[in-house]
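Asks: Data: protein19.cif, mmCIF, C-alpha atoms.
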```cif
data_query
#
loop_
_atom_site.label_atom_id
_atom_site.label_comp_id
_atom_site.auth_asym_id
_atom_site.auth_seq_id
_atom_site.Cartn_x
_atom_site.Cartn_y
_atom_site.Cartn_z
CA MET F 1401 -42.35 -29.25 -77.39
CA ALA F 1402 -41.46 -26.88 -80.20
CA GLN F 1403 -40.77 -24.21 -77.67
CA HIS F 1404 -38.52 -26.53 -75.77
CA THR F 1405 -36.28 -27.19 -78.74
CA GLU F 1406 -36.14 -23.48 -79.53
CA HIS F 1407 -35.15 -22.82 -75.96
CA HIS F 1408 -32.45 -25.42 -76.23
CA GLY F 1409 -31.16 -23.92 -79.46
CA HIS F 1410 -30.75 -20.54 -77.81
CA GLU F 1411 -28.81 -21.97 -74.93
CA GLU F 1412 -25.88 -22.85 -77.12
CA LYS F 1413 -25.29 -19.15 -77.72
CA LEU F 1414 -25.02 -18.44 -73.98
CA PRO F 1415 -21.23 -18.58 -73.45
CA ALA F 1416 -20.49 -16.15 -76.27
CA GLN F 1417 -23.00 -13.63 -74.95
CA THR F 1418 -21.82 -13.55 -71.35
CA LYS F 1419 -18.24 -13.36 -72.53
CA GLU F 1420 -18.70 -9.77 -73.69
CA ILE F 1421 -20.41 -8.85 -70.39
CA TRP F 1422 -17.57 -10.20 -68.26
CA ARG F 1423 -14.96 -8.66 -70.52
CA THR F 1424 -16.64 -5.28 -70.01
CA PHE F 1425 -16.73 -5.89 -66.26
CA TRP F 1426 -12.97 -6.48 -66.16
CA ILE F 1427 -12.32 -3.40 -68.25
CA LEU F 1428 -14.42 -1.25 -65.90
CA LEU F 1429 -12.74 -2.75 -62.84
CA ILE F 1430 -9.23 -2.28 -64.22
CA ILE F 1431 -9.91 1.33 -65.21
CA THR F 1432 -11.31 2.10 -61.75
CA SER F 1433 -8.30 0.49 -60.04
CA PHE F 1434 -6.02 2.44 -62.36
CA GLU F 1435 -7.77 5.65 -61.27
CA PHE F 1436 -6.93 4.81 -57.67
CA VAL F 1437 -3.29 4.20 -58.55
CA ILE F 1438 -3.13 7.60 -60.24
CA ALA F 1439 -4.91 9.29 -57.33
CA PHE F 1440 -2.15 8.18 -54.97
CA THR F 1441 0.97 8.17 -57.13
CA ILE F 1442 0.87 11.34 -59.23
CA ASP F 1443 1.98 14.43 -57.31
CA ALA F 1444 -1.03 16.77 -57.31
CA ASP F 1445 1.06 19.80 -56.32
CA HIS F 1446 2.83 19.86 -59.67
CA TYR F 1447 0.71 17.80 -62.05
CA LYS F 1448 -2.80 18.78 -60.96
CA TRP F 1449 -4.15 19.33 -64.48
CA THR F 1450 -2.46 16.23 -65.91
CA LYS F 1451 -4.21 14.27 -63.20
CA ILE F 1452 -7.60 15.86 -63.85
CA GLY F 1453 -7.14 15.31 -67.59
CA ILE F 1454 -6.44 11.58 -67.10
CA PHE F 1455 -9.47 11.23 -64.80
CA VAL F 1456 -11.79 12.92 -67.31
CA ILE F 1457 -10.55 10.74 -70.19
CA LEU F 1458 -10.88 7.53 -68.14
CA THR F 1459 -14.39 8.54 -67.05
CA ILE F 1460 -15.43 8.99 -70.67
CA VAL F 1461 -13.93 5.59 -71.54
CA LYS F 1462 -15.95 3.99 -68.71
CA ALA F 1463 -19.09 5.79 -69.88
CA TYR F 1464 -18.48 4.41 -73.39
CA TYR F 1465 -18.40 0.83 -72.10
CA ILE F 1466 -21.47 1.21 -69.84
CA VAL F 1467 -23.59 2.93 -72.50
CA GLY F 1468 -22.21 1.00 -75.46
CA ILE F 1469 -22.16 -2.55 -74.11
CA PHE F 1470 -24.36 -2.69 -70.99
CA MET F 1471 -27.04 -0.39 -72.37
CA HIS F 1472 -26.53 -1.92 -75.80
CA LEU F 1473 -26.46 1.46 -77.57
CA LYS F 1474 -23.48 0.38 -79.70
CA HIS F 1475 -25.68 -2.19 -81.43
CA GLU F 1476 -28.70 0.09 -82.00
CA VAL F 1477 -29.39 1.90 -85.28
CA LYS F 1478 -27.44 5.06 -86.08
CA SER F 1479 -30.40 7.41 -85.70
CA LEU F 1480 -30.96 6.25 -82.10
CA ILE F 1481 -27.26 6.52 -81.26
CA TRP F 1482 -27.14 10.13 -82.47
CA THR F 1483 -30.44 11.00 -80.79
CA ILE F 1484 -28.80 10.16 -77.47
CA ILE F 1485 -25.20 11.28 -78.04
CA LEU F 1486 -25.68 14.59 -79.84
CA PRO F 1487 -27.65 16.44 -77.11
CA CYS F 1488 -25.03 15.31 -74.58
CA VAL F 1489 -22.27 16.93 -76.63
CA PHE F 1490 -23.83 20.33 -75.95
CA VAL F 1491 -23.55 19.68 -72.22
CA VAL F 1492 -19.76 19.72 -72.67
CA TRP F 1493 -20.05 23.30 -73.88
CA LEU F 1494 -22.12 24.19 -70.80
CA VAL F 1495 -19.51 22.64 -68.51
CA VAL F 1496 -16.66 24.66 -70.04
CA ALA F 1497 -18.67 27.91 -70.17
CA LEU F 1498 -19.85 27.79 -66.56
CA ILE F 1499 -16.50 26.68 -65.14
CA ILE F 1500 -14.86 29.71 -66.76
CA GLU F 1501 -17.72 31.85 -65.45
CA GLY F 1502 -17.11 30.41 -61.97
CA GLY F 1503 -13.49 31.55 -62.18
CA TYR F 1504 -14.65 35.12 -62.89
CA ILE F 1505 -17.10 35.05 -59.99
CA GLY F 1506 -14.25 33.99 -57.70
CA PHE F 1507 -12.06 36.76 -59.10
CA GLU F 1508 -14.75 39.42 -58.45
CA ARG F 1509 -15.34 38.10 -54.94
CA PHE F 1510 -11.64 38.16 -54.16
CA PHE F 1511 -11.02 41.74 -55.28
CA PHE F 1512 -14.31 43.45 -54.49
CA GLY F 1513 -15.39 41.56 -51.37
CA LYS F 1514 -18.70 39.84 -50.91
CA MET R 553 -45.25 -1.03 -97.37
CA ALA R 554 -45.81 -1.42 -93.67
CA SER R 555 -46.36 -5.11 -93.95
CA ALA R 556 -42.80 -5.62 -95.14
CA ASN R 557 -41.68 -4.74 -91.64
CA ASN R 558 -44.28 -7.04 -90.11
CA SER R 559 -42.68 -10.21 -91.32
CA THR R 560 -39.40 -9.65 -89.52
CA THR R 561 -40.43 -7.85 -86.32
CA ALA R 562 -42.06 -9.44 -83.30
CA GLU R 563 -45.55 -8.19 -82.56
CA HIS R 564 -44.81 -6.53 -79.22
CA LEU R 565 -42.14 -4.37 -80.83
CA MET R 566 -44.53 -2.87 -83.38
CA TRP R 567 -45.80 0.65 -82.92
CA LYS R 568 -49.49 1.30 -83.52
CA GLY R 569 -48.76 2.74 -86.95
CA GLY R 570 -47.44 -0.65 -87.98
CA ILE R 571 -43.84 0.44 -88.35
CA GLN R 572 -40.93 0.38 -85.93
CA PRO R 573 -38.99 3.65 -85.80
CA MET R 574 -35.33 3.35 -84.82
CA LYS R 575 -35.72 -0.43 -84.61
CA VAL R 576 -36.70 -0.50 -80.93
CA GLY R 577 -39.94 -1.04 -79.09
CA TYR R 578 -41.96 2.01 -78.03
CA GLY R 579 -41.27 1.56 -74.32
CA LYS R 580 -37.55 1.19 -74.78
CA LEU R 581 -37.29 4.31 -76.94
CA MET R 582 -39.26 6.29 -74.36
CA MET R 583 -36.95 5.01 -71.63
CA TRP R 584 -33.99 6.30 -73.66
CA ILE R 585 -35.62 9.71 -74.06
CA PHE R 586 -36.40 9.85 -70.35
CA LEU R 587 -32.80 8.95 -69.52
CA LEU R 588 -31.63 11.74 -71.82
CA SER R 589 -33.73 14.24 -69.87
CA ASP R 590 -32.41 12.80 -66.62
CA THR R 591 -28.89 13.27 -67.99
CA PHE R 592 -29.64 16.98 -68.29
CA THR R 593 -30.84 17.14 -64.68
CA PHE R 594 -27.68 15.47 -63.38
CA SER R 595 -25.55 17.60 -65.72
CA ALA R 596 -27.16 20.72 -64.25
CA LEU R 597 -26.21 19.58 -60.75
CA LEU R 598 -22.63 18.69 -61.68
CA VAL R 599 -22.15 21.82 -63.81
CA SER R 600 -23.30 24.07 -60.98
CA TYR R 601 -20.91 22.18 -58.72
CA GLY R 602 -18.12 23.04 -61.16
CA LEU R 603 -19.14 26.70 -61.28
CA VAL R 604 -19.28 27.10 -57.49
CA ARG R 605 -16.09 25.14 -56.98
CA PHE R 606 -14.16 27.35 -59.37
CA SER R 607 -15.57 30.47 -57.72
CA PHE R 608 -13.92 29.47 -54.42
CA PRO R 609 -10.18 29.69 -53.80
CA THR R 610 -8.15 26.48 -53.53
CA PHE R 611 -5.70 25.77 -50.73
CA ASP R 612 -2.52 27.76 -51.34
CA GLY R 613 0.22 25.53 -49.92
CA LEU R 614 1.46 22.02 -50.62
CA ARG R 615 -1.02 19.17 -50.23
CA LYS R 616 0.73 17.62 -47.26
CA ASN R 617 0.15 20.83 -45.27
CA PHE R 618 -3.55 20.95 -46.13
CA GLU R 619 -5.93 22.04 -43.40
CA PHE R 620 -9.70 22.34 -43.44
CA SER R 621 -11.09 25.86 -43.49
CA ASN R 622 -14.26 27.65 -44.51
CA ALA R 623 -12.11 29.98 -46.64
CA TRP R 624 -11.16 27.47 -49.34
CA TRP R 625 -12.54 24.41 -51.10
CA PRO R 626 -11.55 21.11 -49.42
CA ILE R 627 -9.53 18.34 -51.05
CA PRO R 628 -12.16 15.57 -51.31
CA GLU R 629 -9.82 12.68 -50.50
CA ARG R 630 -9.14 14.31 -47.12
CA VAL R 631 -12.86 14.52 -46.41
CA PHE R 632 -13.80 10.97 -47.36
CA GLU R 633 -11.20 8.80 -45.70
CA ALA R 634 -13.21 6.84 -43.14
CA VAL R 635 -14.22 3.19 -43.47
CA PRO R 636 -16.80 1.37 -41.32
CA PHE R 637 -15.34 -0.82 -38.52
CA LEU R 638 -11.93 0.81 -39.00
CA HIS R 639 -12.28 3.73 -36.63
CA GLY R 640 -9.38 6.17 -36.58
CA ILE R 641 -7.65 4.64 -39.58
CA LYS R 642 -7.19 7.01 -42.48
CA ALA R 643 -7.99 5.25 -45.74
CA PRO R 644 -8.76 7.94 -48.31
CA LEU R 645 -11.34 7.00 -50.95
CA VAL R 646 -11.31 3.32 -49.98
CA PHE R 647 -14.94 3.22 -48.90
CA VAL R 648 -16.17 5.10 -51.96
CA GLY R 649 -14.10 2.66 -54.04
CA ILE R 650 -16.00 -0.23 -52.46
CA MET R 651 -19.29 1.54 -53.23
CA THR R 652 -18.22 1.97 -56.86
CA PHE R 653 -17.37 -1.71 -57.09
CA ILE R 654 -20.77 -2.68 -55.64
CA LEU R 655 -22.60 -0.58 -58.21
CA ILE R 656 -20.55 -1.85 -61.18
CA MET R 657 -21.11 -5.41 -59.97
CA SER R 658 -24.88 -4.89 -59.73
CA SER R 659 -24.82 -3.47 -63.24
CA VAL R 660 -23.18 -6.69 -64.41
CA THR R 661 -25.82 -8.87 -62.74
CA MET R 662 -28.50 -6.66 -64.33
CA VAL R 663 -27.07 -7.19 -67.79
CA LEU R 664 -26.92 -10.93 -67.06
CA ALA R 665 -30.64 -10.80 -66.15
CA VAL R 666 -31.38 -9.05 -69.46
CA GLU R 667 -29.36 -11.69 -71.28
CA ALA R 668 -31.28 -14.45 -69.47
CA GLY R 669 -34.49 -12.72 -70.54
CA HIS R 670 -33.44 -12.97 -74.18
CA ARG R 671 -33.12 -16.74 -73.68
CA ARG R 672 -36.48 -16.73 -71.82
CA ASP R 673 -34.78 -18.46 -68.92
CA LYS R 674 -37.11 -17.67 -66.03
CA ALA R 675 -34.92 -19.10 -63.28
CA ASP R 676 -31.85 -17.16 -64.43
CA VAL R 677 -33.78 -13.90 -64.67
CA GLU R 678 -34.99 -14.37 -61.08
CA LYS R 679 -31.51 -15.24 -59.83
CA TYR R 680 -29.78 -12.26 -61.42
CA MET R 681 -32.59 -9.83 -60.49
CA LEU R 682 -32.16 -10.89 -56.87
CA TRP R 683 -28.41 -10.25 -57.02
CA THR R 684 -29.07 -6.84 -58.58
CA ILE R 685 -31.55 -5.93 -55.84
CA LEU R 686 -29.02 -7.04 -53.23
CA GLY R 687 -26.33 -4.85 -54.84
CA GLY R 688 -28.67 -1.86 -54.82
CA ILE R 689 -29.51 -2.34 -51.14
CA ALA R 690 -25.81 -2.75 -50.30
CA PHE R 691 -25.04 0.51 -52.09
CA LEU R 692 -27.83 2.40 -50.32
CA SER R 693 -26.65 1.12 -46.93
CA SER R 694 -23.11 2.25 -47.69
CA GLN R 695 -24.38 5.65 -48.67
CA ALA R 696 -26.40 5.92 -45.46
CA TRP R 697 -23.23 5.21 -43.49
CA GLU R 698 -21.27 7.76 -45.52
CA TRP R 699 -23.94 10.43 -44.93
CA GLY R 700 -24.00 9.62 -41.23
CA HIS R 701 -20.24 10.00 -40.98
CA PHE R 702 -20.27 13.24 -42.97
CA ILE R 703 -23.06 14.72 -40.83
CA HIS R 704 -21.46 13.76 -37.51
CA GLY R 705 -17.98 14.82 -38.55
CA SER R 706 -14.51 14.07 -37.26
CA ALA R 707 -13.50 13.75 -33.60
CA ASP R 708 -11.46 16.97 -33.61
CA GLY R 709 -13.87 19.16 -35.52
CA LEU R 710 -12.94 22.54 -36.93
CA THR R 711 -11.99 25.48 -34.69
CA LEU R 712 -13.24 28.79 -36.06
CA ALA R 713 -11.47 32.14 -35.64
CA ASN R 714 -13.72 33.09 -32.72
CA GLY R 715 -12.87 29.87 -30.89
CA THR R 716 -16.11 27.98 -31.44
CA LYS R 717 -15.86 24.42 -32.62
CA LEU R 718 -17.71 22.94 -35.57
CA PHE R 719 -18.45 19.24 -35.90
CA GLY R 720 -19.65 17.66 -39.10
CA ALA R 721 -21.76 19.21 -41.81
CA ASN R 722 -25.31 20.23 -42.57
CA LEU R 723 -26.84 22.65 -45.07
CA VAL R 724 -25.65 25.70 -43.07
CA HIS R 725 -22.40 24.71 -41.36
CA ASN R 726 -19.57 22.60 -42.68
CA GLU R 727 -16.53 21.37 -40.83
CA TYR R 728 -14.67 20.51 -44.02
CA GLY R 729 -14.96 23.73 -46.01
CA PRO R 730 -17.45 26.23 -47.39
CA PRO R 731 -21.10 25.28 -46.64
CA ALA R 732 -21.65 25.06 -50.42
CA PHE R 733 -19.45 21.95 -50.48
CA ALA R 734 -21.77 20.15 -48.05
CA ASP R 735 -24.85 21.43 -49.89
CA PHE R 736 -23.63 19.95 -53.15
CA PHE R 737 -22.65 16.72 -51.44
CA PHE R 738 -26.17 16.32 -50.05
CA PHE R 739 -27.92 17.32 -53.25
CA ILE R 740 -25.84 15.38 -55.76
CA THR R 741 -25.33 12.14 -53.84
CA GLY R 742 -28.86 12.47 -52.45
CA PHE R 743 -30.42 12.85 -55.88
CA HIS R 744 -28.38 9.91 -57.12
CA GLY R 745 -29.35 7.88 -54.05
CA THR R 746 -33.02 8.62 -54.74
CA HIS R 747 -32.50 7.20 -58.22
CA VAL R 748 -30.90 4.08 -56.76
CA LEU R 749 -33.82 3.72 -54.36
CA SER R 750 -36.43 3.97 -57.11
CA GLY R 751 -34.28 1.61 -59.19
CA VAL R 752 -34.40 -0.96 -56.38
CA VAL R 753 -38.19 -0.58 -56.17
CA LEU R 754 -38.50 -1.12 -59.93
CA ASN R 755 -36.16 -4.12 -59.75
CA VAL R 756 -38.27 -5.66 -56.98
CA LEU R 757 -41.38 -5.19 -59.15
CA ILE R 758 -39.68 -6.85 -62.12
CA PHE R 759 -38.46 -9.70 -59.95
CA TYR R 760 -41.97 -10.17 -58.55
CA ASN R 761 -43.50 -10.23 -62.05
CA ALA R 762 -40.83 -12.55 -63.42
CA ALA R 763 -41.25 -14.95 -60.51
CA ASN R 764 -45.02 -14.98 -61.07
CA GLY R 765 -44.50 -15.85 -64.71
CA VAL R 766 -46.01 -12.61 -66.06
CA TYR R 767 -43.29 -12.23 -68.70
CA GLU R 768 -43.31 -15.92 -69.46
CA LYS R 769 -47.02 -15.60 -70.30
CA ARG R 770 -46.40 -12.40 -72.26
CA GLY R 771 -43.82 -14.25 -74.31
CA HIS R 772 -40.99 -11.75 -73.91
CA TYR R 773 -38.88 -10.15 -71.20
CA GLU R 774 -38.66 -6.63 -72.62
CA MET R 775 -39.58 -5.08 -69.24
CA VAL R 776 -36.31 -6.42 -67.82
CA GLU R 777 -34.46 -4.58 -70.60
CA LYS R 778 -36.26 -1.29 -69.94
CA VAL R 779 -35.61 -1.33 -66.21
CA GLY R 780 -32.09 -2.54 -66.99
CA LEU R 781 -31.49 0.63 -69.01
CA TYR R 782 -32.54 2.70 -66.00
CA TRP R 783 -30.29 0.72 -63.67
CA HIS R 784 -27.24 1.10 -65.93
CA PHE R 785 -27.95 4.80 -66.14
CA VAL R 786 -27.80 5.03 -62.34
CA ASP R 787 -24.42 3.27 -62.50
CA LEU R 788 -23.29 5.68 -65.23
CA VAL R 789 -24.21 8.72 -63.15
CA TRP R 790 -22.21 7.32 -60.26
CA VAL R 791 -19.15 7.01 -62.52
CA PHE R 792 -19.37 10.76 -63.13
CA VAL R 793 -20.14 11.64 -59.50
CA PHE R 794 -17.19 9.48 -58.40
CA THR R 795 -14.81 11.33 -60.71
CA PHE R 796 -15.99 14.88 -60.28
CA PHE R 797 -16.91 14.83 -56.63
CA TYR R 798 -14.42 12.42 -55.10
CA LEU R 799 -11.38 12.08 -57.37
CA VAL R 800 -10.81 15.52 -58.89
#
```
Do you think you could lay out the structure here as structure tokens?

Replies:
Amino acid sequence: MAQHTEHHGHEEKLPAQTKEIWRTFWILLIITSFEFVIAFTIDADHYKWTKIGIFVILTIVKAYYIVGIFMHLKHEVKSLIWTIILPCVFVVWLVVALIIEGGYIGFERFFFGK
Amino acid sequence: MASANNSTTAEHLMWKGGIQPMKVGYGKLMMWIFLLSDTFTFSALLVSYGLVRFSFPTFDGLRKNFEFSNAWWPIPERVFEAVPFLHGIKAPLVFVGIMTFILIMSSVTMVLAVEAGHRRDKADVEKYMLWTILGGIAFLSSQAWEWGHFIHGSADGLTLANGTKLFGANLVHNEYGPPAFADFFFFITGFHGTHVLSGVVLNVLIFYNAANGVYEKRGHYEMVEKVGLYWHFVDLVWVFVFTFFYLV
């Protein structure tokens, strides 16, 4: 019986909790639709890097909502947040370093053959 | 000292030392650490994709004149423009957009299952776990179709300089561009698909346990949260694959 009343008490919180979930869903959906609009409206011949820049930023925004709200990381303690985020920051360095390196490999291949 | 923590924290969240580091249960913290290591694996795949892509030339002319060739990297939206049941209609990125929507939707139902678990609502957990499993299966089926289409290739194929025709892609030949493009497609989407598959298996297990009242008896639904973390991670990886493989 005690459990039943406790259960009932929790149920009153329900609308507020799913509200954040559905809000996040709409944000993710709108961002993804927006990406499609950009994919087909911005002229890639002249604005290639603008386009790529927008896609990268929107991807990071989506990642923020998935990790922050769905995976609940936003509401965890600071030490856990940094344990997860900090190592990932170093991956960004790896991305930049190896993409530049890839450009050099292409350059070598172009001028000196295979 | 340790007992101060005891009064506020539920028993199943306590570590054996009697304290609770980082204010999460042991299993959940370990899931986070595992996901971090998995992030590195996926990063390695996507970073090597970036390196190889930048080592190949891009198509020289305007986009509207683009043609497939082994000499340059393809424009992804020209490769992935087929949709099931709409044969011959060019709809770039539409199918992959549907797949993205399916995965985001299943992530939402997963988070609803976790939320139901907090309320210890057995029926709701079962309902939302079922929807999540269904979303995962729908995604895997879509991916199977996409792989099939990619492997079989277009009706026209690619004519090489020596006159031979090439249809579709495998690990050695690729109608759409350099073989490396197909290799990365198979490895990256394949590795992600394997994660989705194991996620579906885990979700089925959780559903089975929840339906049998295992978590009800245990008094908490933390297992749903742990598997939920894994499932959201799979969704997160797809967000990155979608951008860097299909959009850019």

Asks: Of the candidates F:Phe1512, F:Trp1482, F:Phe1425, F:Phe1490, which one gets nearest to chain R if we count all atoms listed in the file?

Replies: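 The shortest atom-to-atom distance to chain R comes from F:Phe1425.
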
Asks: Could you tell me how far CA of Ile1442 (chain F) sits from CA of Gly613 (chain R), in Å to one decimal place?

Replies: 17.0 Å

Asks: Could you write out as a list in words the residues that the PyMOL selection byres ((chain F) within 6 of (chain R)) matches in the shown file?

Replies: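 Applying the PyMOL selection byres ((chain F) within 6 of (chain R)) to the structure shown produces Ile1452, Met1471, Leu1480, Val1495, Leu1498, Ile1499, Gly1502, Gly1503, Ile1505 and Gly1506 of chain F.
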
Asks: Could you name the residues that touch Leu565 (chain R) at 7 Å or less, counting all atoms listed in the file, but leaving out those on the same chain fewer than 3 positions away, as a compact mmCIF listing (two decimals) with C-alpha atoms, in the coordinates of the input?

Replies:
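Generated output (selection31.txt):
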```
# COMPACT_ATOMS: atom_id res chain seq x y z
CA THR R 561 -40.43 -7.85 -86.32
CA ALA R 562 -42.06 -9.44 -83.30
CA VAL R 576 -36.70 -0.50 -80.93
CA GLY R 577 -39.94 -1.04 -79.09
CA TYR R 578 -41.96 2.01 -78.03
```

Asks: List the spatial neighbours of Lys717 (chain R) as a short mmCIF file (atom, residue, chain, number, x, y, z; two decimals) with C-alpha atoms, in the coordinates of the input - criterion: any atom at most 12 Å away, all atoms listed in the file, same-chain residues fewer than 2 positions off excluded.

Replies:
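Generated output (out05.cif):
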```
data_model
loop_
_atom_site.label_atom_id
_atom_site.label_comp_id
_atom_site.auth_asym_id
_atom_site.auth_seq_id
_atom_site.Cartn_x
_atom_site.Cartn_y
_atom_site.Cartn_z
CA SER R 621 -11.09 25.86 -43.49
CA GLY R 705 -17.98 14.82 -38.55
CA SER R 706 -14.51 14.07 -37.26
CA ALA R 707 -13.50 13.75 -33.60
CA ASP R 708 -11.46 16.97 -33.61
CA GLY R 709 -13.87 19.16 -35.52
CA LEU R 710 -12.94 22.54 -36.93
CA THR R 711 -11.99 25.48 -34.69
CA LEU R 712 -13.24 28.79 -36.06
CA ALA R 713 -11.47 32.14 -35.64
CA ASN R 714 -13.72 33.09 -32.72
CA GLY R 715 -12.87 29.87 -30.89
CA PHE R 719 -18.45 19.24 -35.90
CA GLY R 720 -19.65 17.66 -39.10
CA HIS R 725 -22.40 24.71 -41.36
CA ASN R 726 -19.57 22.60 -42.68
CA GLU R 727 -16.53 21.37 -40.83
#
```

Asks: Can you measure CA of Leu757 (chain R) to CA of Thr684 (chain R) for me? One decimal in Å is fine.

Replies: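 Interatomic distance here is 12.4 Å.
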
Asks: Counting only C-alpha atoms, figure out which residue out of R:Gln695, R:Thr560, R:Thr746, R:Asn622 gets nearest to Leu718 (chain R).

Replies: R:Asn622

Asks: If the box runs along x, y and z of the file and leaves 5 Å on each side of region 594-608 of chain R, what are its centre and edge lengths in Å, one decimal, as lines of an AutoDock Vina configuration file?

Replies:
```
center_x = -20.8
center_y = 23.0
center_z = -60.1
size_x = 23.8
size_y = 25.0
size_z = 21.3
```

Asks: Would you please work out which residue, of F:Ala1463, F:Val1496, F:Ile1457, F:Cys1488, is nearest to Leu1428 (chain F) when using all atoms listed in the file?

Replies: F:Ala1463

Asks: What separation in Å, quoted to one decimal, exists between CA of His1475 (chain F) and CA of Ala763 (chain R)?

Replies: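 Computing the Euclidean distance for CA of His1475 (chain F) and CA of Ala763 (chain R) yields 29.0 Å.
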
Asks: Pull out every residue that the PyMOL selection byres ((chain R and resi 768) around 12) matches in the shown coordinates and put them as a list in words.

Replies: Gln1403 of chain F; Gly669, His670, Arg671, Arg672, Asp673, Lys674, Ala675, Val677, Glu678, Asn761, Ala762, Ala763, Asn764, Gly765, Val766, Tyr767, Lys769, Arg770, Gly771, His772, Tyr773, Glu774, Met775 and Val776 of chain R

Asks: Taking only C-alpha atoms into account, which of R:Ala696, R:Ile685, R:Leu655, R:Val748 comes nearest Pro636 (chain R)?

Replies: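 Between R:Ala696, R:Ile685, R:Leu655, R:Val748, the residue approaching Pro636 (chain R) most closely is R:Ala696.
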
Asks: Which residue is closest to Phe647 (chain R)? Choose from R:Val786, R:His747, R:Tyr798, R:Met583 and count all atoms listed in the file.

Replies: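 For Phe647 (chain R), the nearest of the given residues is R:Tyr798.
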
Asks: Fewer than 4 positions away in the same chain doesn't count, so skip those; otherwise give me all residues within 10 Å of Trp699 (chain R), counting only C-alpha atoms, as a VMD selection string.

Replies: chain R and resid 693 to 695 703 to 705 721 737 to 738 741 to 742

Asks: In terms of the shortest atom-to-atom distance over all atoms listed in the file, which of F:Lys1448, F:Pro1487, F:Leu1458, F:Lys1419 is closest to Ser1433 (chain F)?

Replies: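 Of F:Lys1448, F:Pro1487, F:Leu1458, F:Lys1419, the one nearest Ser1433 (chain F), counting all atoms listed in the file, is F:Leu1458.
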